[in-house]
Every structure is written in C-alpha cells, then in structure tokens.
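Colleague: query15.tsv is reproduced below (TSV, C-alpha atoms).
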chain	number	residue	atom	x	y	z
A	1	MET	CA	0.00	0.00	0.00
A	2	ARG	CA	2.81	2.38	0.94
A	3	LYS	CA	4.61	1.69	-2.37
A	4	THR	CA	1.39	2.38	-4.26
A	5	LEU	CA	0.91	5.70	-2.49
A	6	LEU	CA	4.50	6.74	-3.18
A	7	LEU	CA	4.20	5.82	-6.84
A	8	THR	CA	0.93	7.73	-7.15
A	9	ALA	CA	2.48	10.78	-5.49
A	10	ALA	CA	5.47	10.64	-7.84
A	11	MET	CA	3.19	10.42	-10.87
A	12	LEU	CA	1.11	13.37	-9.69
A	13	THR	CA	4.25	15.42	-9.07
A	14	SER	CA	5.51	14.62	-12.58
A	15	MET	CA	2.14	15.48	-14.13
A	16	SER	CA	2.06	18.76	-12.22
A	17	ALA	CA	5.57	19.68	-13.39
A	18	ASN	CA	4.66	18.92	-16.99
A	19	ALA	CA	1.46	20.96	-16.68
A	20	GLN	CA	3.48	23.94	-15.55
A	21	GLU	CA	5.79	23.85	-18.56
A	22	SER	CA	5.20	26.66	-21.03
A	23	ASP	CA	3.97	26.03	-24.55
A	24	LEU	CA	7.37	27.19	-25.77
A	25	ALA	CA	9.23	24.73	-23.55
A	26	LEU	CA	7.11	21.85	-24.77
A	27	ALA	CA	7.59	22.85	-28.42
A	28	LEU	CA	11.34	23.28	-28.00
A	29	LYS	CA	11.79	19.97	-26.22
A	30	GLU	CA	9.96	18.28	-29.06
A	31	ALA	CA	12.20	20.06	-31.59
A	32	MET	CA	15.27	18.99	-29.65
A	33	LYS	CA	14.34	15.36	-30.37
A	34	SER	CA	14.26	15.91	-34.13
A	35	GLU	CA	16.24	13.53	-36.32
A	36	ILE	CA	17.59	16.44	-38.35
A	37	ARG	CA	19.81	17.46	-35.44
A	38	THR	CA	23.36	16.13	-35.50
A	39	GLU	CA	25.08	14.51	-32.54
A	40	ALA	CA	27.37	17.53	-32.28
A	41	GLU	CA	24.34	19.82	-32.05
A	42	ILE	CA	22.70	17.66	-29.40
A	43	ASP	CA	25.93	17.63	-27.39
A	44	ARG	CA	25.66	21.41	-27.06
A	45	ASP	CA	22.18	21.38	-25.52
A	46	ARG	CA	23.43	21.17	-21.95
A	47	ASN	CA	25.80	24.09	-22.43
A	48	ARG	CA	23.56	26.34	-24.52
A	49	ARG	CA	20.36	25.68	-22.54
A	50	PRO	CA	18.00	26.75	-25.32
A	51	VAL	CA	14.72	26.29	-23.43
A	52	GLN	CA	15.80	28.45	-20.50
A	53	THR	CA	17.46	31.01	-22.77
A	54	LEU	CA	14.45	31.53	-25.04
A	55	GLU	CA	12.06	31.57	-22.07
A	56	PHE	CA	14.22	34.28	-20.49
A	57	PHE	CA	13.90	36.30	-23.69
A	58	GLY	CA	10.11	35.93	-23.46
A	59	ILE	CA	9.68	34.10	-26.76
A	60	THR	CA	6.28	32.48	-27.29
A	61	PRO	CA	5.07	30.22	-30.13
A	62	GLU	CA	2.81	32.98	-31.49
A	63	MET	CA	5.59	35.48	-32.11
A	64	LYS	CA	7.06	36.76	-35.34
A	65	VAL	CA	10.77	36.31	-34.65
A	66	LEU	CA	13.88	37.48	-36.51
A	67	GLU	CA	17.10	35.52	-36.05
A	68	LEU	CA	20.15	37.49	-37.14
A	69	ILE	CA	23.23	35.73	-38.49
A	70	PRO	CA	22.00	32.17	-37.95
A	71	GLY	CA	25.25	30.55	-39.13
A	72	GLY	CA	24.84	26.79	-39.32
A	73	GLY	CA	21.34	27.03	-37.89
A	74	TRP	CA	21.76	25.55	-34.42
A	75	TYR	CA	19.02	27.76	-32.98
A	76	THR	CA	17.15	27.84	-36.29
A	77	LYS	CA	16.48	24.11	-36.04
A	78	LEU	CA	14.75	24.70	-32.71
A	79	LEU	CA	12.98	27.98	-33.40
A	80	ALA	CA	11.51	26.98	-36.77
A	81	PRO	CA	9.41	24.04	-35.53
A	82	ALA	CA	8.50	25.84	-32.29
A	83	LEU	CA	7.08	28.79	-34.28
A	84	ARG	CA	5.85	26.84	-37.29
A	85	GLU	CA	2.15	26.53	-36.46
A	86	ASN	CA	1.27	29.85	-34.84
A	87	GLY	CA	4.24	32.14	-35.31
A	88	GLU	CA	6.91	32.98	-37.89
A	89	LEU	CA	10.65	32.63	-38.07
A	90	HIS	CA	12.64	34.93	-40.33
A	91	VAL	CA	16.42	34.75	-40.74
A	92	ALA	CA	18.70	37.47	-42.08
A	93	ILE	CA	22.40	38.06	-42.83
A	94	GLY	CA	24.78	35.14	-43.19
A	95	THR	CA	21.98	32.80	-44.24
A	96	SER	CA	23.81	30.80	-46.93
A	97	ARG	CA	24.04	27.61	-44.88
A	98	VAL	CA	20.40	27.86	-43.83
A	99	LYS	CA	19.32	28.25	-47.44
A	100	SER	CA	21.51	25.43	-48.77
A	101	ASN	CA	21.13	22.93	-45.94
A	102	LEU	CA	18.00	23.54	-43.87
A	103	LEU	CA	15.07	24.72	-45.96
A	104	THR	CA	14.31	21.28	-47.38
A	105	MET	CA	14.52	19.52	-44.02
A	106	PRO	CA	11.38	18.41	-42.13
A	107	GLY	CA	9.82	21.26	-40.16
A	108	MET	CA	11.98	23.92	-41.81
A	109	ASP	CA	9.68	24.67	-44.76
A	110	LYS	CA	8.13	27.83	-43.32
A	111	ILE	CA	11.39	29.65	-42.57
A	112	LYS	CA	11.42	33.02	-44.33
A	113	VAL	CA	14.78	34.32	-45.51
A	114	LEU	CA	15.26	38.10	-45.57
A	115	GLU	CA	17.96	39.35	-47.88
A	116	PRO	CA	18.75	42.97	-47.07
A	117	LYS	CA	21.42	44.70	-49.13
A	118	VAL	CA	24.43	44.31	-46.90
A	119	GLU	CA	28.16	44.51	-47.45
A	120	ILE	CA	30.45	42.98	-44.85
A	121	ASP	CA	34.02	44.23	-45.08
A	122	GLU	CA	37.17	44.35	-43.01
A	123	GLY	CA	36.68	46.68	-40.06
A	124	GLU	CA	38.89	47.57	-37.14
A	125	GLU	CA	41.69	45.19	-36.20
A	126	PHE	CA	40.48	41.54	-36.13
A	127	LEU	CA	36.89	42.69	-36.78
A	128	ARG	CA	34.45	43.17	-39.61
A	129	THR	CA	32.05	45.98	-40.34
A	130	ILE	CA	28.68	46.11	-42.05
A	131	ASN	CA	27.02	48.94	-43.93
A	132	GLU	CA	23.71	50.61	-43.06
A	133	PHE	CA	20.79	48.44	-44.11
A	134	THR	CA	17.06	47.97	-43.61
A	135	LEU	CA	15.25	44.82	-42.53
A	136	SER	CA	11.64	45.99	-42.28
A	137	GLU	CA	9.57	48.61	-40.49
A	138	GLY	CA	7.99	47.63	-37.19
A	139	ASN	CA	6.95	44.10	-38.12
A	140	PHE	CA	8.71	41.86	-35.59
A	141	ASP	CA	7.87	40.87	-32.04
A	142	ALA	CA	11.42	39.78	-31.29
A	143	ALA	CA	14.95	39.74	-32.69
A	144	LEU	CA	17.65	37.36	-31.50
A	145	THR	CA	21.34	36.93	-32.18
A	146	PHE	CA	23.68	34.39	-30.63
A	147	ARG	CA	27.45	34.85	-30.36
A	148	ASN	CA	27.70	37.26	-33.28
A	149	MET	CA	28.19	40.81	-32.05
A	150	HIS	CA	31.84	40.16	-31.23
A	151	ASN	CA	32.55	39.81	-34.97
A	152	PHE	CA	31.77	43.46	-35.74
A	153	ASP	CA	33.35	46.78	-34.99
A	154	ALA	CA	31.46	49.61	-33.29
A	155	ALA	CA	30.20	51.06	-36.59
A	156	GLY	CA	28.96	47.66	-37.73
A	157	ARG	CA	27.20	46.97	-34.45
A	158	LYS	CA	25.52	50.36	-34.63
A	159	ASN	CA	24.15	49.60	-38.09
A	160	ILE	CA	22.84	46.22	-36.89
A	161	ASN	CA	21.22	47.71	-33.81
A	162	ASP	CA	19.62	50.55	-35.77
A	163	ALA	CA	18.16	48.10	-38.30
A	164	VAL	CA	16.79	45.88	-35.52
A	165	PHE	CA	15.25	48.87	-33.72
A	166	LYS	CA	13.34	49.85	-36.87
A	167	ALA	CA	12.29	46.24	-37.54
A	168	LEU	CA	10.73	45.70	-34.12
A	169	LYS	CA	7.21	46.60	-33.09
A	170	LYS	CA	6.75	48.91	-30.13
A	171	GLY	CA	7.47	46.76	-27.11
A	172	GLY	CA	9.43	44.31	-29.25
A	173	ILE	CA	12.30	42.46	-27.59
A	174	TYR	CA	15.94	42.09	-28.59
A	175	GLY	CA	17.93	39.21	-27.10
A	176	ILE	CA	21.71	38.95	-27.31
A	177	VAL	CA	24.10	36.23	-26.16
A	178	ASP	CA	27.84	36.54	-26.61
A	179	HIS	CA	31.22	35.55	-25.18
A	180	THR	CA	32.41	37.90	-22.43
A	181	ARG	CA	35.44	40.15	-22.74
A	182	ARG	CA	36.86	42.10	-19.81
A	183	HIS	CA	35.59	45.65	-19.66
A	184	MET	CA	37.75	48.12	-21.63
A	185	GLU	CA	40.36	45.49	-22.45
A	186	PRO	CA	42.08	46.23	-25.78
A	187	ILE	CA	41.31	43.80	-28.57
A	188	SER	CA	43.86	41.07	-29.26
A	189	SER	CA	44.13	37.73	-31.03
A	190	GLU	CA	43.09	36.03	-27.79
A	191	ASN	CA	39.92	38.04	-27.05
A	192	ARG	CA	38.82	38.92	-30.58
A	193	ARG	CA	35.81	36.59	-30.35
A	194	ARG	CA	34.61	38.12	-27.12
A	195	ALA	CA	32.60	41.29	-26.51
A	196	ASP	CA	32.52	43.76	-23.62
A	197	PRO	CA	28.98	43.54	-22.16
A	198	VAL	CA	29.18	47.06	-20.77
A	199	THR	CA	29.95	48.40	-24.23
A	200	ILE	CA	27.13	46.33	-25.76
A	201	ILE	CA	24.63	47.66	-23.23
A	202	LYS	CA	25.72	51.27	-23.83
A	203	GLU	CA	25.43	50.84	-27.59
A	204	LEU	CA	21.92	49.41	-27.30
A	205	LEU	CA	20.85	52.28	-25.05
A	206	ASP	CA	22.30	54.74	-27.57
A	207	ALA	CA	20.23	53.01	-30.28
A	208	GLY	CA	17.07	53.73	-28.32
A	209	PHE	CA	16.50	50.42	-26.57
A	210	VAL	CA	15.59	50.00	-22.90
A	211	PHE	CA	17.69	47.53	-20.93
A	212	GLU	CA	15.29	44.98	-19.45
A	213	ALA	CA	17.36	42.26	-17.79
A	214	TYR	CA	20.54	40.23	-17.53
A	215	SER	CA	20.55	36.47	-16.99
A	216	PRO	CA	23.37	34.42	-15.42
A	217	LEU	CA	22.26	31.37	-17.43
A	218	HIS	CA	25.59	31.23	-19.24
A	219	ARG	CA	27.82	32.54	-16.50
A	220	LYS	CA	31.03	30.53	-16.19
A	221	PRO	CA	33.06	31.81	-13.20
A	222	ASP	CA	36.02	29.58	-14.02
A	223	ASP	CA	36.52	31.19	-17.44
A	224	GLU	CA	39.43	33.56	-16.86
A	225	LEU	CA	38.37	35.71	-19.87
A	226	ARG	CA	41.99	35.52	-21.03
A	227	TYR	CA	41.98	33.00	-23.85
A	228	GLU	CA	40.50	32.51	-27.30
A	229	VAL	CA	37.09	30.85	-27.01
A	230	GLY	CA	38.13	28.20	-29.53
A	231	ARG	CA	40.87	26.81	-27.29
A	232	LYS	CA	40.22	23.32	-25.98
A	233	SER	CA	40.38	24.59	-22.42
A	234	VAL	CA	37.66	27.16	-23.12
A	235	THR	CA	35.36	25.68	-25.77
A	236	GLY	CA	32.01	24.82	-24.23
A	237	ASN	CA	32.94	26.64	-21.05
A	238	SER	CA	33.24	30.27	-22.12
A	239	ASP	CA	31.57	32.88	-19.97
A	240	ARG	CA	28.69	34.37	-21.97
A	241	PHE	CA	26.47	37.33	-21.18
A	242	THR	CA	22.74	37.06	-21.86
A	243	LEU	CA	21.02	40.43	-22.29
A	244	LEU	CA	17.41	41.40	-22.91
A	245	PHE	CA	16.38	44.75	-24.36
A	246	LYS	CA	13.04	46.22	-25.38
A	247	LYS	CA	11.93	48.83	-27.90
A	248	PRO	CA	9.96	51.44	-25.95
Kindly present the structure from the file in structure tokens form.
Modeller:
Amino acid sequence: MRKTLLLTAAMLTSMSANAQESDLALALKEAMKSEIRTEAEIDRDRNRRPVQTLEFFGITPEMKVLELIPGGGWYTKLLAPALRENGELHVAIGTSRVKSNLLTMPGMDKIKVLEPKVEIDEGEEFLRTINEFTLSEGNFDAALTFRNMHNFDAAGRKNINDAVFKALKKGGIYGIVDHTRRHMEPISSENRRRADPVTIIKELLDAGFVFEAYSPLHRKPDDELRYEVGRKSVTGNSDRFTLLFKKP
C-alpha cells in the first residue's frame, strides 16, 4: 500500500511539473528530439540551454521572430518548428548555410529568408564591419542573435542595432548572447571573439533600446576571460552574457 501511495504521489508530481511547462518549452523539447539534429548539435544542448534562454527572452510560439546571423542554424532548427504553427521565423544576414542545408529539411519549410542589401568588409583590427541596411519597419515581435556581435566593430554593431530597432514593433524584444570580454580590455588575437557587455549595453541604449534584464544562465566563473574561445580549455565553457532589451 505504501509503495502504491508513493508511486501515485510521484506520478502526480511529474504530471504537475509537466502541466506547468510553457507552450514554448514543450515545443522546443519536441524540436530537440528531431532527427535532423546532428550529434554535435545535441551535445551542445546542456551548455547552450535553449529552453531556459528563449524563455528568459520571453519568446512564445505565437511570435514573429527574426534571427540574425544564424550561421549553421543551431538555434534555427529549434525555433523553426517551435514557431511553425502559430508564429513565424525569419532569418537574415549570413543565411547561406540555412538556405543550402535547412530549408528542405522536415519542419523547416516555413522559414522566411530576408535578404537585405548588406556589405560585410574588413573593419577595425580583427573585426568586420557592415554597412547601413534595412530589414523591415515595425513588423517583428522579437529579434535574436547568438554569439555574433563580437565579430563586428562599433560602426557595424551600430548599423545592426539601428536596423533591428526599426524592424521591431513597439514593445518588441531584442535578445543577445555573446562571449564575455573584460571591460575596456584592448582587442587582441586572444579576445577577438569576445565582446565587452558594458559596451554592448551602452550601444543598445544609444540606439534607443531599454535595458530589461541580464541572466546568469551562461555565467562561467572559471573562465578567466583571457583565452581565445576556440581553445580546448575554453570551448564549451566560455563565460557568456545574456542580455534582454526592449523597444519602448
């Protein structure tokens, strides 16, 4: 009898926990099981914590979301199915791998690719820059970019932020994750793929955004912030800042 009661209590606790999960969490967890994801991508789930990260940003399955610089599409493979039925996923800038590899995969058929007129050139030392460009005017509920801002110089980041500000609806959210660089530390070959979070916050405020919140989701206290994030001793354990902004 006691074992039966304990088992029943455990089942009720599990059911209650599942009932409390958001629609986004359920959709993302389903997407995380997809056969289109590689073993390497799955291995990064524990480190990147996509469910918690996107919930922190306030993403819901009904949103019209813009993912900037999707690269190989790690987040795209999760966002596309989660938004497929009731929302929209648009990708922009650096979308060649998404277009060539993802669009024909199951669940990826409704991804919309924006192709603004952009030119990416050599910028300041170790960095690139990007010209002024337009994405849209006040159409998006959210814009997201993951580990990309460190690639651009101040002028390039300004042009990205200005384009995102115009693309978002009033009250739209802008979520940024990137590798942490020490504040005011000069750029070098070791920290070139890191960004100063204080500088990023200031630049977003200058662009007109309101700073909403910081999350320690990707805080890694044992990252000394000294070495290139691609080093074996750092890869998968880099300290990353997670920032949420809103268009007033």
Colleague: Could you pull the residues within 10 Å of A:Ser238, counting all atoms listed in the file, minus those fewer than 4 positions along the same chain, as a PyMOL selection string?
Modeller: chain A and resi 47+178-180+194+218-225+227-231+233-234
Colleague: Which is closest to A:His90 among A:Val198, A:Leu78, A:Leu244, A:Leu66, if we use all atoms listed in the file?
Modeller: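 Using all atoms listed in the file, the shortest distance to A:His90 belongs to A:Leu66.
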Colleague: Take every atom of stretch 180-195 of chain A listed in the file, pad by 6 Å on each side, and give me the axis-aligned box centre and edge lengths in Å, one decimal, as lines of an AutoDock Vina configuration file.
Modeller:
center_x = 38.3
center_y = 42.1
center_z = -25.3
size_x = 23.7
size_y = 24.1
size_z = 23.4
Colleague: Record the distance separating atom CA of A:Gly94 and atom CA of A:Thr145, expressed in Å with one decimal.
Modeller: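 So the two atoms, atom CA of A:Gly94 and atom CA of A:Thr145, lie 11.7 Å apart.
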Colleague: Excluding A:Thr53 and its own-chain neighbours fewer than 4 positions away, which residues fall within 10 Å of it when counting all atoms listed in the file? Please give them as a list in words.
Modeller: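 Non-adjacent residues within range: Arg48, Arg49, Phe57, Gly58, Ile59, Gly175, Val177, Ser215, Leu217, His218 and Thr242 of chain A.
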Colleague: Residues near A:Ile130, anyone? I mean within 8 Å using only C-alpha atoms, not counting same-chain ones fewer than 4 positions away, as a ChimeraX atom specification.
Modeller: /A:118-121,152,155-157,159-160
Colleague: Can I get the selected residues back with C-alpha atoms, as an mmCIF file, keeping the file's coordinate frame?
Modeller:
data_model
loop_
_atom_site.group_PDB
_atom_site.id
_atom_site.type_symbol
_atom_site.label_atom_id
_atom_site.label_comp_id
_atom_site.auth_asym_id
_atom_site.auth_seq_id
_atom_site.Cartn_x
_atom_site.Cartn_y
_atom_site.Cartn_z
ATOM 1 C CA VAL A 118 24.430 44.310 -46.900
ATOM 2 C CA GLU A 119 28.160 44.510 -47.450
ATOM 3 C CA ILE A 120 30.450 42.980 -44.850
ATOM 4 C CA ASP A 121 34.020 44.230 -45.080
ATOM 5 C CA PHE A 152 31.770 43.460 -35.740
ATOM 6 C CA ALA A 155 30.200 51.060 -36.590
ATOM 7 C CA GLY A 156 28.960 47.660 -37.730
ATOM 8 C CA ARG A 157 27.200 46.970 -34.450
ATOM 9 C CA ASN A 159 24.150 49.600 -38.090
ATOM 10 C CA ILE A 160 22.840 46.220 -36.890
#
Colleague: Which residues come within 8 Å of A:Phe209, counting only C-alpha atoms, excluding same-chain residues fewer than 6 positions away, as a list of chain:residue names?
Modeller: A:Phe165, A:Phe245, A:Lys246, A:Lys247, A:Pro248
Colleague: What does the distance between atom CA of A:Trp74 and atom CA of A:Ala143 come to in Å, to one decimal place?
Modeller: 15.8 Å
